[in-house]
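Only one structure is covered here, and it is reproduced in the block below.
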Amino acid sequence: MEPLYSRSKDTGAWIVENIVTIIFVAFTIFGFMVSTGVSIPYFFSELSSRIFRNSFLVLSLIIPVLAGLGLNFGIVIGAMSGQVAIALARYFDMGGISGLMFCFAVSFFVAALFGYFTGRLYNKTRGQEMIASLIVGFFANGIYQFLFLFVVGMVIPVPADHPMIKPDGVGIRMTVDLVPVKQGGLKYALDSIYRIPFVYALLIVALGLLAVLVIRYWLNKRSGHGYKNSGSFLFVNGAMCLALAGVAVHAIVTKSQLMMVRQVPVVTGLLIIGLCVFTVLIMKTKLGQDFRSVGQSQHTAEVSGINVDRTRIIATMISTVLAAWGQIIYLQNMATLNTYNAHTQIGMFSVAALLVGGASTSRASITHAIFGTILFNAMFIMSPEIGQSLFGQAILGEYFRTFMVYGVIGMALGLHVWKANKKNKIVVE
Amino acid sequence: MQALSTVLGAIGIIVYSQSYGYAQLYTAPLMMAFPAVAAILIGGATASRAKVSHVIIGVVLFQGLLTTALPVANEVFVGTDLSEIMRMIIQNGIILYALTQVKRGVQ
């Protein structure tokens with residue numbers, strides 16, 4: 001249990017604990033200094049569109065961590081459910097908001113079903129949920145490929161001249177283009193509902209965060225929980241929000257470069273904020289308390305009368321459904337369905353993003369997820385540029401990024417095992 | 001113990017490459033781990049107990065399964081290449097099953 005207040009943490013310990021975050025921030029700043037091809041509008045355009053694409057997926061990882069299931073690499077299964085829904089919608093040429101609602105509905109049921117099975121698997125592999133989730137992702141990938149490459153065409157007859165189906169009539173193509181929403185398709189179906197300029201969004205977010213901070217401070221004071229307030233916390237975060245708002249206002253007034261950044265999709269942003277609120281609210285319910293109890297100690301939770309198995313299954317199901325919806329949001333922005341590869345990377349990248357934000361295998365929060373998504377995608381944008389500027393080959397930046405991504409995950413898994421062994425006093429040979 | 005295992009793995013991939021005829025420098029090491037684990041699990045090993053007999057039986061069964069099943073599958077399902085998919089499903093299914101059989105105390 002972390003102490004209620006840890007004002008007296010020395011800087012050395014803080015640096016060691018947050019070393020990954022520091023490395024990523026340093027990398028981004030270094031990239032700006034070194035590379036010549038990255039302009040501010042380009043960087044923020046890319047960063048904002050990536051954040052809106054990926055945040056939902058990273059946020060879906062939080063609940064399993066809180067419920068003691070570790071890092072749920074099984075969101076790959078949720079992603080595949082989302083892709084099944086998108087493939088169906090594309091096949092029947094559904095589009096626009098109704099097509100999107102269809103996708104969300106279908107993927108809900110598919111993901112809930114497979115989330116249930118995944119949850120039962122996690123219950124059978126107690127203590128090794130993370131490695132089981134990794135393998136079940138590969139296993140499900142095999143079944144998904146069997147379904148899409150073989151069942152479609154052989155068992156389910158489909159016309160060979162449909163743009164989605166391979167020329168020989170069996171199997172779905174490797175890449176399927178989503179038709180733009182103006183022509184009745186799914187591309188940007190969610191994004192194009194309403195867009196606002198980047199600086200306005202920045203201003204609204206900064207002011208909103210400031211309001212949340214102040215209201216929370218005031219509510220704590222009013223209900224007698226004044227000890228939870230930290231003057232310095234409010235001051236520092238409040239100052240940062242005001243600075244951000246100031247930058248936005250300055251950009252609007254002086255029509256600086258920031259005005260050229262790509263417009264921000266509002267509905268997607270609202271969905272992400274909605275998921276943040278949902279996560280916070282569900283942890284305050286009885287179910288959320290059950291998640292926390294099971295996460296801290298399964299034995300104690302069982303003894304207190306909580307149905308541990310059922311709670312873990314529910315946590316997995318929620319995570320899988322959220323991952324399915326997150327993949328739909330991702331695909332409607334990417335606009336191309338990379339049928340056999342789109343889902344394989346997202347597990348690793350989402351987990352790495354969450355870890356970069358400062359989460360661990362036993363502790364994750366919304367700030368970890370959002371902050372991690374921002375940093376992770378900033379590195380994604382910067383690494384080819386840095387490689388190009390420093391060494392003349394963009395690919396070297398990519399290698400460094402791959403090294404960092406897997407290094408982060410490996411370090412988190414290693415720390416997890418180390419802590420678990422220390423707790424159980426098991427000697428690992 | 002870990003060092004010995006890694007050294008044997010290095011020797012193993014050298015033997016594999018010289019037999020296969022190609023040194024797949026960038027992808028073979030990543031691909032090597034899971035089939036080996038699946039093979040030893042099929043042979044009857046568990047996460048806490050493994051013998052040489054498990055290795056021999058497991059390799060024969062796993063590779064034999066993939067070798068013999070593929071022509072059959074290609075006969076039954078004409079025109080598609082199911083080899084990679086079947087390998088994925090069998091291999092990962094076996095590993096998953098073995099993971100569920102690890103006996104652990106309640107946390």
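Letters for chains follow the order of the structure tokens (A, B, ...), residue numbers begin at 1 for each chain, and ligand numbers begin at 1 in the order shown.
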
Contacts of Val59 in chain B at 7 Å (only C-alpha atoms; same-chain gap of 3+ positions) as a CSV table (one decimal) with N, CA, C and O atoms, in the first residue's frame:
```csv
chain,number,residue,atom,x,y,z
B,39,ALA,N,6.6,-28.4,-28.4
B,39,ALA,CA,7.0,-29.8,-28.6
B,39,ALA,C,7.3,-30.5,-27.3
B,39,ALA,O,6.8,-31.6,-27.0
B,40,ILE,N,8.0,-29.8,-26.4
B,40,ILE,CA,8.3,-30.5,-25.1
B,40,ILE,C,7.1,-30.6,-24.3
B,40,ILE,O,6.9,-31.6,-23.5
B,55,VAL,N,11.3,-34.7,-24.4
B,55,VAL,CA,11.8,-34.0,-25.6
B,55,VAL,C,11.6,-34.9,-26.8
B,55,VAL,O,11.1,-34.4,-27.8
B,56,ILE,N,12.1,-36.1,-26.8
B,56,ILE,CA,12.1,-37.0,-27.9
B,56,ILE,C,10.7,-37.3,-28.4
B,56,ILE,O,10.3,-37.1,-29.6
B,62,PHE,N,5.1,-33.6,-32.4
B,62,PHE,CA,4.7,-32.2,-32.9
B,62,PHE,C,5.1,-32.1,-34.4
B,62,PHE,O,4.2,-31.7,-35.2
B,63,GLN,N,6.3,-32.5,-34.7
B,63,GLN,CA,6.7,-32.3,-36.1
B,63,GLN,C,5.9,-33.3,-37.0
B,63,GLN,O,5.5,-33.0,-38.1
```

- request: Would you give me, as a list in words, the residues of chain A that come within 7 Å of chain B, using only C-alpha atoms?
  value: Lys124, Thr125, Ala132, Ile135, Val136, Phe138, Phe139, Gly142, Ile143, Gln145, Phe146, Ser297, Gln298 and His299 of chain A

field: Distance query Tyr330 in chain A at most 7 Å, only C-alpha atoms, self and fewer than 3 positions along chain excluded, as a ChimeraX atom specification
entry: /A:53-54,326-327,333-334

- prompt: What gap, in Å, lies between CA of Ile204 in chain A and CA of Gly372 in chain A?
  reply: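 If I compute the distance from CA of Ile204 in chain A to CA of Gly372 in chain A, I get 20.9 Å.
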
All alpha helix (DSSP H) residues (DSSP, backbone) inside chain B, as an NGL selection string: :B and (2-20 or 28-42 or 52-76 or 83-100)

Restricting the output to C-alpha atoms, write the selected residues as a PDB file, in the first residue's frame.
```
ATOM      1  CA  GLN B   2      19.802 -19.842 -17.252  1.00  0.00           C
ATOM      2  CA  ALA B   3      23.189 -19.402 -18.911  1.00  0.00           C
ATOM      3  CA  LEU B   4      23.359 -23.100 -19.758  1.00  0.00           C
ATOM      4  CA  SER B   5      19.897 -23.012 -21.270  1.00  0.00           C
ATOM      5  CA  THR B   6      20.799 -20.003 -23.412  1.00  0.00           C
ATOM      6  CA  VAL B   7      24.031 -21.634 -24.590  1.00  0.00           C
ATOM      7  CA  LEU B   8      22.173 -24.794 -25.583  1.00  0.00           C
ATOM      8  CA  GLY B   9      19.644 -22.639 -27.420  1.00  0.00           C
ATOM      9  CA  ALA B  10      22.468 -21.018 -29.364  1.00  0.00           C
ATOM     10  CA  ILE B  11      23.892 -24.407 -30.315  1.00  0.00           C
ATOM     11  CA  GLY B  12      20.379 -25.521 -31.230  1.00  0.00           C
ATOM     12  CA  ILE B  13      19.770 -22.762 -33.720  1.00  0.00           C
ATOM     13  CA  ILE B  14      23.171 -23.395 -35.324  1.00  0.00           C
ATOM     14  CA  VAL B  15      22.221 -27.049 -35.803  1.00  0.00           C
ATOM     15  CA  TYR B  16      18.830 -25.956 -37.169  1.00  0.00           C
ATOM     16  CA  SER B  17      20.320 -23.478 -39.646  1.00  0.00           C
ATOM     17  CA  GLN B  18      22.930 -25.873 -41.004  1.00  0.00           C
ATOM     18  CA  SER B  19      20.279 -28.489 -41.525  1.00  0.00           C
ATOM     19  CA  TYR B  20      17.743 -26.145 -43.050  1.00  0.00           C
ATOM     20  CA  ALA B  28      14.525 -17.354 -36.915  1.00  0.00           C
ATOM     21  CA  PRO B  29      15.514 -16.674 -33.301  1.00  0.00           C
ATOM     22  CA  LEU B  30      12.100 -15.208 -32.538  1.00  0.00           C
ATOM     23  CA  MET B  31      10.346 -18.104 -34.218  1.00  0.00           C
ATOM     24  CA  MET B  32      12.414 -20.728 -32.502  1.00  0.00           C
ATOM     25  CA  ALA B  33      11.098 -20.521 -28.963  1.00  0.00           C
ATOM     26  CA  PHE B  34       7.423 -21.343 -29.245  1.00  0.00           C
ATOM     27  CA  PRO B  35       7.595 -24.518 -31.362  1.00  0.00           C
ATOM     28  CA  ALA B  36      10.296 -25.870 -29.053  1.00  0.00           C
ATOM     29  CA  VAL B  37       8.186 -25.160 -25.979  1.00  0.00           C
ATOM     30  CA  ALA B  38       5.088 -26.645 -27.589  1.00  0.00           C
ATOM     31  CA  ALA B  39       7.009 -29.777 -28.601  1.00  0.00           C
ATOM     32  CA  ILE B  40       8.306 -30.464 -25.118  1.00  0.00           C
ATOM     33  CA  LEU B  41       4.843 -29.854 -23.650  1.00  0.00           C
ATOM     34  CA  ILE B  42       3.256 -32.319 -26.077  1.00  0.00           C
ATOM     35  CA  VAL B  52      14.754 -36.105 -22.096  1.00  0.00           C
ATOM     36  CA  SER B  53      12.078 -38.650 -22.996  1.00  0.00           C
ATOM     37  CA  HIS B  54       9.562 -35.790 -23.086  1.00  0.00           C
ATOM     38  CA  VAL B  55      11.772 -34.012 -25.588  1.00  0.00           C
ATOM     39  CA  ILE B  56      12.104 -36.985 -27.947  1.00  0.00           C
ATOM     40  CA  ILE B  57       8.454 -38.003 -27.823  1.00  0.00           C
ATOM     41  CA  GLY B  58       7.359 -34.382 -28.066  1.00  0.00           C
ATOM     42  CA  VAL B  59       9.467 -33.493 -31.087  1.00  0.00           C
ATOM     43  CA  VAL B  60       8.402 -36.635 -32.926  1.00  0.00           C
ATOM     44  CA  LEU B  61       4.733 -35.984 -32.199  1.00  0.00           C
ATOM     45  CA  PHE B  62       4.727 -32.242 -32.875  1.00  0.00           C
ATOM     46  CA  GLN B  63       6.700 -32.319 -36.107  1.00  0.00           C
ATOM     47  CA  GLY B  64       4.969 -35.499 -37.180  1.00  0.00           C
ATOM     48  CA  LEU B  65       1.592 -33.908 -36.595  1.00  0.00           C
ATOM     49  CA  LEU B  66       2.460 -30.914 -38.692  1.00  0.00           C
ATOM     50  CA  THR B  67       4.084 -32.999 -41.433  1.00  0.00           C
ATOM     51  CA  THR B  68       1.342 -35.563 -41.826  1.00  0.00           C
ATOM     52  CA  ALA B  69      -1.641 -33.333 -41.220  1.00  0.00           C
ATOM     53  CA  LEU B  70      -0.763 -30.829 -43.899  1.00  0.00           C
ATOM     54  CA  PRO B  71      -1.128 -32.992 -47.000  1.00  0.00           C
ATOM     55  CA  VAL B  72      -4.354 -34.342 -45.530  1.00  0.00           C
ATOM     56  CA  ALA B  73      -5.656 -30.858 -44.945  1.00  0.00           C
ATOM     57  CA  ASN B  74      -4.676 -29.799 -48.434  1.00  0.00           C
ATOM     58  CA  GLU B  75      -6.595 -32.772 -49.820  1.00  0.00           C
ATOM     59  CA  VAL B  76      -9.719 -32.101 -47.804  1.00  0.00           C
ATOM     60  CA  SER B  83      -0.163 -25.017 -42.832  1.00  0.00           C
ATOM     61  CA  GLU B  84       0.687 -21.784 -41.094  1.00  0.00           C
ATOM     62  CA  ILE B  85      -2.751 -21.445 -39.510  1.00  0.00           C
ATOM     63  CA  MET B  86      -2.748 -25.024 -38.243  1.00  0.00           C
ATOM     64  CA  ARG B  87       0.726 -24.600 -36.827  1.00  0.00           C
ATOM     65  CA  MET B  88      -0.416 -21.471 -34.977  1.00  0.00           C
ATOM     66  CA  ILE B  89      -3.530 -23.076 -33.555  1.00  0.00           C
ATOM     67  CA  ILE B  90      -1.919 -26.357 -32.494  1.00  0.00           C
ATOM     68  CA  GLN B  91       1.239 -24.848 -31.080  1.00  0.00           C
ATOM     69  CA  ASN B  92      -0.394 -22.105 -29.071  1.00  0.00           C
ATOM     70  CA  GLY B  93      -3.263 -24.341 -27.984  1.00  0.00           C
ATOM     71  CA  ILE B  94      -0.787 -26.815 -26.514  1.00  0.00           C
ATOM     72  CA  ILE B  95       1.087 -24.098 -24.654  1.00  0.00           C
ATOM     73  CA  LEU B  96      -2.181 -22.707 -23.289  1.00  0.00           C
ATOM     74  CA  TYR B  97      -3.256 -26.128 -22.110  1.00  0.00           C
ATOM     75  CA  ALA B  98       0.053 -26.638 -20.335  1.00  0.00           C
ATOM     76  CA  LEU B  99      -0.271 -23.260 -18.651  1.00  0.00           C
ATOM     77  CA  THR B 100      -3.674 -24.241 -17.256  1.00  0.00           C
TER      78      THR B 100
END
```
